[in-house]
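Chemist: Here you go, run.cif (mmCIF, C-alpha atoms):
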data_structure
loop_
_atom_site.label_atom_id
_atom_site.label_comp_id
_atom_site.auth_asym_id
_atom_site.auth_seq_id
_atom_site.Cartn_x
_atom_site.Cartn_y
_atom_site.Cartn_z
CA MET A 4 124.73 133.80 79.19
CA LEU A 5 123.90 136.38 81.86
CA ILE A 6 120.31 135.18 81.96
CA ALA A 7 121.46 131.58 82.45
CA LEU A 8 123.74 132.60 85.32
CA ALA A 9 120.96 134.60 86.94
CA VAL A 10 118.56 131.66 86.75
CA ALA A 11 121.16 129.32 88.24
CA ALA A 12 121.56 131.67 91.20
CA LEU A 13 117.86 131.71 92.04
CA PRO A 14 116.78 129.84 95.20
CA GLY A 15 115.29 126.50 94.24
CA ALA A 16 117.04 126.40 90.86
CA TYR A 17 118.28 122.92 91.71
CA ALA A 18 115.07 121.79 93.36
CA ALA A 19 114.77 118.92 90.85
CA GLU A 20 117.40 116.78 92.61
CA GLY A 21 116.56 115.10 95.90
CA LEU A 22 117.91 112.53 98.34
CA ALA A 23 116.12 110.07 100.61
CA PHE A 24 117.64 108.16 103.53
CA VAL A 25 115.88 104.80 103.99
CA HIS A 26 116.63 102.94 107.22
CA GLY A 27 116.83 99.18 107.78
CA THR A 28 114.96 96.74 110.01
CA GLY A 29 113.17 98.43 112.89
CA LYS A 30 110.24 100.67 113.68
CA GLN A 31 111.67 104.16 113.38
CA THR A 32 110.17 107.43 114.58
CA ASP A 33 113.41 109.48 114.62
CA ALA A 34 115.77 107.79 112.17
CA TYR A 35 117.70 111.05 111.76
CA ASN A 36 119.08 110.75 115.29
CA ASP A 37 118.55 107.12 116.22
CA TYR A 38 119.52 105.30 113.03
CA TRP A 39 121.82 107.52 110.98
CA THR A 40 122.86 110.45 113.21
CA GLY A 41 123.07 114.03 112.08
CA ASP A 42 126.82 113.84 111.44
CA PHE A 43 126.22 111.21 108.77
CA ILE A 44 123.24 112.85 107.09
CA ASN A 45 124.56 116.41 107.16
CA THR A 46 127.77 115.39 105.42
CA VAL A 47 126.11 113.28 102.74
CA ARG A 48 123.45 115.83 101.77
CA GLN A 49 126.14 118.39 100.94
CA GLY A 50 126.56 116.45 97.70
CA LEU A 51 123.23 117.82 96.49
CA PRO A 52 123.07 121.05 94.47
CA ASN A 53 120.49 122.11 97.07
CA PRO A 54 121.38 120.37 100.38
CA ALA A 55 117.92 121.15 101.78
CA ASN A 56 116.28 118.73 99.35
CA TYR A 57 116.44 115.60 101.46
CA VAL A 58 114.09 113.45 103.49
CA VAL A 59 114.73 110.95 106.28
CA ILE A 60 112.23 108.10 106.16
CA ASN A 61 110.54 106.81 109.33
CA CYS A 62 108.55 103.61 108.78
CA ASP A 63 107.84 100.26 110.40
CA PHE A 64 110.34 97.93 108.74
CA GLU A 65 109.62 95.18 111.25
CA GLN A 66 106.93 94.10 108.77
CA TYR A 67 107.21 92.14 105.53
CA MET A 68 108.62 94.38 102.83
CA TRP A 69 105.32 94.61 100.92
CA ASP A 70 103.28 95.53 104.01
CA SER A 71 101.45 98.85 104.10
CA ALA A 72 103.52 99.85 107.15
CA ALA A 73 106.76 99.09 105.25
CA ALA A 74 106.68 99.62 101.46
CA GLY A 75 103.35 101.42 101.74
CA CYS A 76 104.73 103.85 104.30
CA LEU A 77 107.92 104.32 102.27
CA ALA A 78 105.90 104.98 99.11
CA GLY A 79 103.78 107.53 100.91
CA GLN A 80 106.71 109.46 102.36
CA LEU A 81 108.68 109.39 99.10
CA THR A 82 105.66 110.54 97.11
CA SER A 83 105.01 113.41 99.51
CA PHE A 84 108.65 114.46 99.31
CA ILE A 85 108.75 114.25 95.51
CA ASN A 86 105.57 116.30 95.19
CA ALA A 87 106.46 118.89 97.81
CA LYS A 88 109.92 119.55 96.40
CA GLN A 89 109.00 118.90 92.75
CA ILE A 90 111.75 116.30 92.54
CA THR A 91 112.57 115.00 89.07
CA SER A 92 115.73 113.05 89.99
CA LEU A 93 115.71 111.12 93.26
CA LYS A 94 118.72 109.39 94.78
CA VAL A 95 118.16 106.95 97.63
CA ILE A 96 120.60 105.80 100.29
CA THR A 97 119.45 102.67 102.08
CA HIS A 98 120.91 100.37 104.71
CA SER A 99 120.41 96.65 105.34
CA ASN A 100 116.75 95.61 104.97
CA GLY A 101 115.90 99.04 103.59
CA GLY A 102 117.40 97.79 100.34
CA ASN A 103 114.82 95.00 100.20
CA VAL A 104 111.91 97.38 100.78
CA MET A 105 113.23 99.70 98.08
CA ARG A 106 113.73 96.80 95.69
CA TRP A 107 110.15 95.72 96.31
CA ILE A 108 108.89 99.08 95.07
CA LEU A 109 111.24 99.09 92.07
CA SER A 110 110.32 95.51 91.15
CA ASN A 111 106.54 95.68 91.46
CA PRO A 112 105.19 98.78 89.66
CA THR A 113 101.62 97.46 89.51
CA TRP A 114 101.38 96.69 93.23
CA ASP A 115 100.59 100.26 94.30
CA SER A 116 99.48 103.26 92.25
CA ARG A 117 102.25 105.35 93.82
CA TYR A 118 105.06 103.05 92.72
CA PRO A 119 105.32 104.13 89.04
CA GLY A 120 105.83 107.77 90.01
CA ILE A 121 108.60 106.83 92.42
CA ILE A 122 110.24 104.51 89.90
CA SER A 123 110.23 107.15 87.17
CA LYS A 124 111.94 109.65 89.47
CA THR A 125 114.51 107.33 91.09
CA SER A 126 117.82 107.62 89.26
CA ARG A 127 120.13 105.83 91.71
CA VAL A 128 119.95 103.70 94.84
CA ILE A 129 123.07 103.29 96.96
CA ALA A 130 122.51 100.31 99.24
CA LEU A 131 124.82 100.11 102.24
CA ALA A 132 125.25 96.51 103.39
CA PRO A 133 121.91 95.39 101.91
CA SER A 134 120.51 92.06 103.05
CA SER A 135 119.65 91.04 99.48
CA GLY A 136 120.37 87.37 100.08
CA GLY A 137 119.22 87.26 103.70
CA THR A 138 121.36 86.12 106.60
CA PRO A 139 121.88 82.85 108.50
CA LEU A 140 121.44 84.88 111.68
CA ALA A 141 117.78 85.45 110.80
CA ASP A 142 117.37 81.69 110.54
CA ALA A 143 118.97 81.36 113.98
CA VAL A 144 116.73 84.01 115.54
CA VAL A 145 113.60 82.40 114.10
CA ALA A 146 114.75 79.04 115.47
CA GLY A 147 114.72 80.66 118.91
CA ASN A 148 118.22 79.76 120.02
CA ALA A 149 120.80 81.94 121.77
CA PHE A 150 120.98 84.34 118.82
CA GLU A 151 117.55 85.68 119.75
CA THR A 152 119.02 87.28 122.85
CA THR A 153 122.34 88.22 121.30
CA LEU A 154 120.80 89.90 118.26
CA GLY A 155 117.79 91.55 119.85
CA TRP A 156 119.42 95.00 119.59
CA LEU A 157 120.14 94.47 115.90
CA LEU A 158 117.18 92.55 114.54
CA GLY A 159 114.33 93.29 116.90
CA TYR A 160 113.81 89.59 117.59
CA ALA A 161 111.67 87.33 115.42
CA ASN A 162 109.43 89.93 113.79
CA ASP A 163 108.10 89.54 110.24
CA ALA A 164 111.07 91.37 108.71
CA VAL A 165 113.48 88.98 110.42
CA VAL A 166 111.45 85.98 109.26
CA MET A 167 111.58 87.43 105.75
CA GLN A 168 115.38 87.72 105.84
CA GLN A 169 115.95 84.01 106.33
CA VAL A 170 118.22 82.77 103.57
CA SER A 171 115.74 80.43 101.90
CA TRP A 172 112.93 82.97 102.12
CA MET A 173 114.99 85.68 100.43
CA ALA A 174 116.02 83.17 97.74
CA SER A 175 112.33 82.61 97.02
CA TYR A 176 111.51 86.33 96.92
CA ASN A 177 114.49 87.00 94.66
CA ALA A 178 113.35 84.26 92.29
CA GLN A 179 109.71 85.35 92.11
CA TRP A 180 109.13 88.93 93.21
CA LEU A 181 112.32 90.96 93.20
CA TYR A 182 114.51 92.21 90.35
CA GLY A 183 118.24 92.80 90.26
CA THR A 184 119.72 89.42 91.21
CA PRO A 185 121.41 86.97 88.79
CA GLY A 186 118.98 85.46 86.30
CA ARG A 187 116.31 88.05 87.04
CA PRO A 188 115.32 91.23 85.17
CA ALA A 189 117.41 94.29 85.89
CA LEU A 190 116.06 96.91 88.24
CA PRO A 191 114.63 100.01 86.50
CA SER A 192 116.90 102.30 88.53
CA TYR A 193 120.64 101.98 89.03
CA PHE A 194 121.22 99.95 92.21
CA GLU A 195 124.73 99.80 93.63
CA THR A 196 126.04 98.42 96.89
CA VAL A 197 128.69 99.07 99.49
CA VAL A 198 129.92 95.81 101.02
CA GLY A 199 131.16 95.50 104.59
CA SER A 200 133.79 92.78 104.88
CA ASP A 201 134.89 92.49 108.51
CA VAL A 202 134.45 93.53 112.15
CA GLU A 203 137.18 94.88 114.39
CA SER A 204 136.71 95.10 118.15
CA ALA A 205 140.19 95.34 119.66
CA VAL A 206 139.86 97.40 122.84
CA TRP A 207 143.14 99.20 122.11
CA ASP A 208 142.10 100.19 118.58
CA SER A 209 140.28 103.54 118.44
CA ASP A 210 138.65 102.50 115.16
CA SER A 211 136.70 99.86 117.06
CA TYR A 212 134.78 102.58 118.91
CA CYS A 213 133.21 104.18 115.84
CA GLY A 214 129.50 103.41 115.96
CA GLY A 215 129.72 102.12 119.54
CA TYR A 216 132.23 99.65 120.92
CA GLN A 217 129.58 97.35 122.43
CA ASN A 218 128.05 96.92 118.98
CA GLN A 219 131.42 95.91 117.57
CA VAL A 220 131.87 93.28 120.26
CA ALA A 221 128.42 91.80 119.58
CA LEU A 222 129.03 91.73 115.83
CA GLU A 223 132.42 90.12 116.37
CA VAL A 224 130.65 87.29 118.20
CA THR A 225 127.97 86.76 115.57
CA GLN A 226 130.59 86.86 112.83
CA ASN A 227 131.78 83.48 114.04
CA TRP A 228 128.65 81.95 112.46
CA LEU A 229 129.14 83.73 109.14
CA ASN A 230 131.67 83.53 106.33
CA SER A 231 135.12 85.01 106.72
CA CYS A 232 133.95 87.90 104.53
CA SER A 233 131.07 89.44 106.48
CA ASP A 234 130.15 92.53 108.45
CA GLY A 235 128.99 90.67 111.54
CA PHE A 236 125.40 90.45 110.29
CA LEU A 237 125.58 89.70 106.58
CA ASN A 238 127.89 87.66 104.43
CA CYS A 239 129.53 89.64 101.64
CA SER A 240 127.75 87.39 99.14
CA SER A 241 124.37 88.55 100.44
CA GLN A 242 125.34 92.21 100.32
CA SER A 243 126.57 91.96 96.74
CA LEU A 244 123.76 89.76 95.36
CA ALA A 245 121.54 92.50 93.90
CA GLY A 246 122.60 95.23 91.50
CA SER A 247 126.31 95.96 91.17
CA VAL A 248 129.03 96.47 93.76
CA TRP A 249 130.25 100.05 94.00
CA PHE A 250 133.02 99.06 96.40
CA THR A 251 134.00 96.75 99.22
CA ASP A 252 134.82 98.80 102.32
CA THR A 253 138.62 98.49 102.61
CA SER A 254 139.20 99.57 99.01
CA LYS A 255 137.98 103.13 99.67
CA THR A 256 137.62 103.84 103.40
CA ASN A 257 140.10 105.96 105.32
CA GLY A 258 142.99 103.78 106.40
CA GLY A 259 141.51 100.82 104.54
CA GLU A 260 139.25 100.14 107.54
CA PRO A 261 136.44 97.56 107.30
CA LEU A 262 132.85 98.61 107.94
CA SER A 263 130.83 96.50 110.34
CA HIS A 264 127.06 96.39 109.91
CA GLN A 265 126.72 99.13 112.50
CA GLN A 266 129.47 101.32 111.05
CA SER A 267 128.03 101.29 107.52
CA ARG A 268 125.25 103.62 108.69
CA ARG A 269 127.40 105.94 110.75
CA ASP A 270 130.08 108.60 110.27
CA CYS A 271 132.97 106.12 110.12
CA PHE A 272 136.21 106.12 108.10
CA GLY A 273 135.14 108.70 105.54
CA LEU A 274 132.02 106.86 104.37
CA PRO A 275 129.72 109.93 104.40
CA THR A 276 132.23 111.88 102.28
CA LEU A 277 132.39 109.05 99.76
CA LEU A 278 128.61 109.11 99.55
CA LYS A 279 128.53 112.91 99.27
CA ASN A 280 130.91 112.78 96.33
CA ARG A 281 128.98 109.92 94.71
CA ILE A 282 125.65 111.72 94.63
#
For this file, write the structure as C-alpha cells.

Modeler:
Amino acid sequence: MLIALAVAALPGAYAAEGLAFVHGTGKQTDAYNDYWTGDFINTVRQGLPNPANYVVINCDFEQYMWDSAAAGCLAGQLTSFINAKQITSLKVITHSNGGNVMRWILSNPTWDSRYPGIISKTSRVIALAPSSGGTPLADAVVAGNAFETTLGWLLGYANDAVVMQQVSWMASYNAQWLYGTPGRPALPSYFETVVGSDVESAVWDSDSYCGGYQNQVALEVTQNWLNSCSDGFLNCSSQSLAGSVWFTDTSKTNGGEPLSHQQSRRDCFGLPTLLKNRI
C-alpha cells in the first residue's frame, strides 16, 4: 500500500494521459492565444491527472482535410506529442472543421502510417460545434455572393476547407470516406459533440460580449440563412450528425446560455469547466 502511494506521488506517474486541442478552419501559428485563449485551455487541462500533458495544435486547416498540411500536420504533431510524453490514453478537444480532420484520421487508418498509432491511443474526442454535415454558408461563400465578405473573418473566404464544407460535399465524404454518421461504421474512438443552438447579440446583455460582441452581431446576421436551431455558422443537425451528442448548450451552460460558433471555443458560460470535468 505504501509502495503504491509512493509511486502515485512520483512526478510523471500520470504521464500516460494526454490532451490535444485541435482548432478549426484557418491557418494557425499560435492557436493557444488566437483561437482558444489561455483562459480556456488552462481551465480545461486541469482535468488531467498531470495538467502539463497537453498540446495545442497549429496546422493549416484551410486545406482539404486529407491534405498533408491538414491531417498530415495534425498526425505529425499528435505523434510527436504521444511519443514525447509516452501517452497511452489521448483525449482530443476539437472545434468546427477540426472535427472533420480528426474524423479523417480515425476513419482512414491505412492512409498514413502514423494514423494507426494515433487511433490506438485516442480514447475520446469531444467535438465542439463540429461541421460534420457542412454548412449552407460554405455554399454561399463558394458561390461568391455577399457572404464572402460577411464571413471572411470566420471562414477565410473560399479556400479548400470552405469548399469541402459545402453541404453536398460533406454528404459525399460522409457516405464514402468518413465514419460515425448514420448508416456508416462507428468511429474507433468515442466521438461526442457539444451543440450550439442560438446566437444572442443584444447590446444591453453582457452575455453577448463573451467571445467578442462584433462576432456575435455577424453570427446573428448569418443565422438568418440557417435553421432556427443553429450557432450562427452551423445548423444543429450538422453539429450532431457524427458520433453522439453529449449536450446541447442550454442544457448545461451557466444560466442556460446558448453558445454561438465563436463562444464554443472560448471561456464562456462555464464551458471550460464542463470540459475539465468531462476529461

Chemist: Let me make sure I understand: among A:Thr256, A:Ser247, A:Gln49, A:Ser192, which one has the smallest atom-to-atom distance to Arg127 (chain A) if we use all atoms listed in the file?

Modeler: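 Closest to Arg127 (chain A) of all the choices is A:Ser192.
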
Chemist: Find, counting only C-alpha atoms, the residue in A:Val145, A:Leu81, A:Ile108, A:Leu237 that gets nearest to Leu190 (chain A).

Modeler: A:Ile108

Chemist: Under the PyMOL selection byres ((chain A and resi 204) around 8), which residues of this model are included? Write them out as number ranges by chain.

Modeler: A: 202-203, 205-206, 208, 211-212, 216, 219-220, 223

Chemist: Could you please take those selected residues and save C-alpha atoms as an mmCIF file, keeping the file's coordinate frame?

Modeler:
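File produced: part06.cif:
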data_model
loop_
_atom_site.group_PDB
_atom_site.id
_atom_site.type_symbol
_atom_site.label_atom_id
_atom_site.label_comp_id
_atom_site.auth_asym_id
_atom_site.auth_seq_id
_atom_site.Cartn_x
_atom_site.Cartn_y
_atom_site.Cartn_z
ATOM 1 C CA VAL A 202 134.450 93.530 112.150
ATOM 2 C CA GLU A 203 137.180 94.880 114.390
ATOM 3 C CA ALA A 205 140.190 95.340 119.660
ATOM 4 C CA VAL A 206 139.860 97.400 122.840
ATOM 5 C CA ASP A 208 142.100 100.190 118.580
ATOM 6 C CA SER A 211 136.700 99.860 117.060
ATOM 7 C CA TYR A 212 134.780 102.580 118.910
ATOM 8 C CA TYR A 216 132.230 99.650 120.920
ATOM 9 C CA GLN A 219 131.420 95.910 117.570
ATOM 10 C CA VAL A 220 131.870 93.280 120.260
ATOM 11 C CA GLU A 223 132.420 90.120 116.370
#

Chemist: Calculate how many Å separate CA of Pro185 (chain A) from CA of Phe250 (chain A), rounding to one decimal.

Modeler: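 According to the coordinates, CA of Pro185 (chain A) and CA of Phe250 (chain A) are separated by 18.4 Å.
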
Chemist: When you look at Phe272 (chain A) with a cut-off of 10 Å (counting all atoms listed in the file), what residues show up, excluding the ones that are within fewer than 5 positions of it in the same chain? I need them as a PDB file with C-alpha atoms, in the coordinates of the input.

Modeler:
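Output below, filename result_27.pdb:
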ATOM      1  CA  ASP A 210     138.650 102.500 115.160  1.00  0.00           C
ATOM      2  CA  CYS A 213     133.210 104.180 115.840  1.00  0.00           C
ATOM      3  CA  ASP A 252     134.820  98.800 102.320  1.00  0.00           C
ATOM      4  CA  THR A 253     138.620  98.490 102.610  1.00  0.00           C
ATOM      5  CA  LYS A 255     137.980 103.130  99.670  1.00  0.00           C
ATOM      6  CA  THR A 256     137.620 103.840 103.400  1.00  0.00           C
ATOM      7  CA  ASN A 257     140.100 105.960 105.320  1.00  0.00           C
ATOM      8  CA  GLY A 258     142.990 103.780 106.400  1.00  0.00           C
ATOM      9  CA  GLY A 259     141.510 100.820 104.540  1.00  0.00           C
ATOM     10  CA  GLU A 260     139.250 100.140 107.540  1.00  0.00           C
ATOM     11  CA  PRO A 261     136.440  97.560 107.300  1.00  0.00           C
ATOM     12  CA  LEU A 262     132.850  98.610 107.940  1.00  0.00           C
ATOM     13  CA  GLN A 266     129.470 101.320 111.050  1.00  0.00           C
ATOM     14  CA  SER A 267     128.030 101.290 107.520  1.00  0.00           C
ATOM     15  CA  LEU A 277     132.390 109.050  99.760  1.00  0.00           C
TER      16      LEU A 277
END

Chemist: With a distance cut-off of 10 Å and all atoms listed in the file, select the neighbouring residues of Trp172 (chain A), excluding the residue or stretch itself and same-chain residues fewer than 4 positions from it, and output the selection as an mmCIF file with C-alpha atoms, in the coordinates of the input.

Modeler:
data_model
loop_
_atom_site.group_PDB
_atom_site.id
_atom_site.type_symbol
_atom_site.label_atom_id
_atom_site.label_comp_id
_atom_site.auth_asym_id
_atom_site.auth_seq_id
_atom_site.Cartn_x
_atom_site.Cartn_y
_atom_site.Cartn_z
ATOM 1 C CA GLY A 136 120.370 87.370 100.080
ATOM 2 C CA GLY A 137 119.220 87.260 103.700
ATOM 3 C CA ASP A 142 117.370 81.690 110.540
ATOM 4 C CA VAL A 166 111.450 85.980 109.260
ATOM 5 C CA MET A 167 111.580 87.430 105.750
ATOM 6 C CA GLN A 168 115.380 87.720 105.840
ATOM 7 C CA TYR A 176 111.510 86.330 96.920
ATOM 8 C CA ASN A 177 114.490 87.000 94.660
ATOM 9 C CA ALA A 178 113.350 84.260 92.290
#

Chemist: Using only C-alpha atoms, can you tell me which of A:Pro133, A:Gly183, A:Pro139, A:Gly27 comes closest to Val198 (chain A)?

Modeler: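 Among the listed residues, A:Pro133 lies closest to Val198 (chain A).
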
Chemist: Taking 3 positions as the minimum chain separation for residues in the same chain, which residues sit within 9 Å of Asn100 (chain A) when counting only C-alpha atoms? Answer as a PyMOL selection string.

Modeler: chain A and resi 26-28+64+68+97+103-105+132-135+137+164+168

Chemist: Of the residues A:Gln217, A:Thr196, A:Asn36, A:Gln89, which is the one nearest to Gly120 (chain A), using only C-alpha atoms?

Modeler: A:Gln89

Chemist: With all atoms listed in the file as the atoms that count, which of A:Lys94, A:Arg106, A:Arg187, A:Arg117 lies nearest to Arg48 (chain A)?

Modeler: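 Among the listed residues, the smallest separation from Arg48 (chain A) belongs to A:Lys94.
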
Chemist: Measuring atom to atom with all atoms listed in the file, identify which of A:Gln80, A:Ser241, A:Asn53, A:Asn61 is nearest to Ala130 (chain A).

Modeler: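 Using all atoms listed in the file, the shortest distance to Ala130 (chain A) belongs to A:Ser241.
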
Chemist: Atoms are missing here; could region 111-135 of chain A be completed with N, CA, C and O atoms and written as a short mmCIF file (atom, residue, chain, number, x, y, z; two decimals), in the coordinates of the input?

Modeler:
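The resulting rebuild.cif:
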data_model
loop_
_atom_site.label_atom_id
_atom_site.label_comp_id
_atom_site.auth_asym_id
_atom_site.auth_seq_id
_atom_site.Cartn_x
_atom_site.Cartn_y
_atom_site.Cartn_z
N ASN A 111 107.97 96.00 91.53
CA ASN A 111 106.54 95.68 91.46
C ASN A 111 105.70 96.94 91.17
O ASN A 111 104.90 97.37 92.00
N PRO A 112 105.85 97.50 89.98
CA PRO A 112 105.19 98.78 89.66
C PRO A 112 103.67 98.72 89.69
O PRO A 112 103.03 99.77 89.85
N THR A 113 103.08 97.53 89.54
CA THR A 113 101.62 97.46 89.51
C THR A 113 101.02 97.18 90.89
O THR A 113 99.80 97.12 91.03
N TRP A 114 101.86 97.02 91.90
CA TRP A 114 101.38 96.69 93.23
C TRP A 114 100.64 97.86 93.88
O TRP A 114 99.67 97.68 94.62
N ASP A 115 101.11 99.06 93.62
CA ASP A 115 100.59 100.26 94.30
C ASP A 115 100.63 101.41 93.29
O ASP A 115 101.61 101.58 92.56
N SER A 116 99.58 102.18 93.24
CA SER A 116 99.48 103.26 92.25
C SER A 116 100.56 104.32 92.42
O SER A 116 100.83 105.09 91.48
N ARG A 117 101.20 104.36 93.60
CA ARG A 117 102.25 105.35 93.82
C ARG A 117 103.61 104.89 93.30
O ARG A 117 104.51 105.70 93.10
N TYR A 118 103.75 103.59 93.10
CA TYR A 118 105.06 103.05 92.72
C TYR A 118 105.59 103.60 91.39
O TYR A 118 106.77 103.96 91.30
N PRO A 119 104.77 103.66 90.33
CA PRO A 119 105.32 104.13 89.04
C PRO A 119 105.92 105.53 89.13
O PRO A 119 106.96 105.80 88.51
N GLY A 120 105.30 106.43 89.88
CA GLY A 120 105.83 107.77 90.01
C GLY A 120 107.17 107.79 90.71
O GLY A 120 108.07 108.56 90.34
N ILE A 121 107.33 106.93 91.71
CA ILE A 121 108.60 106.83 92.42
C ILE A 121 109.67 106.24 91.51
O ILE A 121 110.80 106.72 91.44
N ILE A 122 109.29 105.18 90.80
CA ILE A 122 110.24 104.51 89.90
C ILE A 122 110.74 105.46 88.82
O ILE A 122 111.94 105.52 88.51
N SER A 123 109.84 106.24 88.26
CA SER A 123 110.23 107.15 87.17
C SER A 123 111.17 108.25 87.65
O SER A 123 111.96 108.79 86.87
N LYS A 124 111.10 108.58 88.94
CA LYS A 124 111.94 109.65 89.47
C LYS A 124 113.27 109.13 90.05
O LYS A 124 114.23 109.90 90.18
N THR A 125 113.33 107.86 90.41
CA THR A 125 114.51 107.33 91.09
C THR A 125 115.62 107.04 90.09
O THR A 125 115.51 106.16 89.24
N SER A 126 116.71 107.78 90.20
CA SER A 126 117.82 107.62 89.26
C SER A 126 118.91 106.70 89.80
O SER A 126 119.61 106.05 89.03
N ARG A 127 119.05 106.64 91.12
CA ARG A 127 120.13 105.83 91.71
C ARG A 127 119.76 105.43 93.13
O ARG A 127 119.24 106.24 93.90
N VAL A 128 120.06 104.18 93.46
CA VAL A 128 119.95 103.70 94.84
C VAL A 128 121.33 103.23 95.27
O VAL A 128 121.95 102.41 94.58
N ILE A 129 121.82 103.76 96.38
CA ILE A 129 123.07 103.29 96.96
C ILE A 129 122.69 102.50 98.20
O ILE A 129 122.20 103.06 99.19
N ALA A 130 122.90 101.21 98.15
CA ALA A 130 122.51 100.31 99.24
C ALA A 130 123.74 99.96 100.08
O ALA A 130 124.67 99.32 99.59
N LEU A 131 123.72 100.39 101.32
CA LEU A 131 124.82 100.11 102.24
C LEU A 131 124.54 98.80 102.95
O LEU A 131 123.52 98.66 103.64
N ALA A 132 125.41 97.83 102.76
CA ALA A 132 125.25 96.51 103.39
C ALA A 132 123.83 95.97 103.28
O ALA A 132 123.19 95.65 104.28
N PRO A 133 123.28 95.88 102.06
CA PRO A 133 121.91 95.39 101.91
C PRO A 133 121.81 93.89 102.16
O PRO A 133 122.72 93.13 101.82
N SER A 134 120.70 93.48 102.75
CA SER A 134 120.51 92.06 103.05
C SER A 134 119.80 91.36 101.89
O SER A 134 118.81 90.65 102.09
N SER A 135 120.32 91.54 100.69
CA SER A 135 119.65 91.04 99.48
C SER A 135 119.50 89.53 99.45
O SER A 135 118.56 89.01 98.85
#
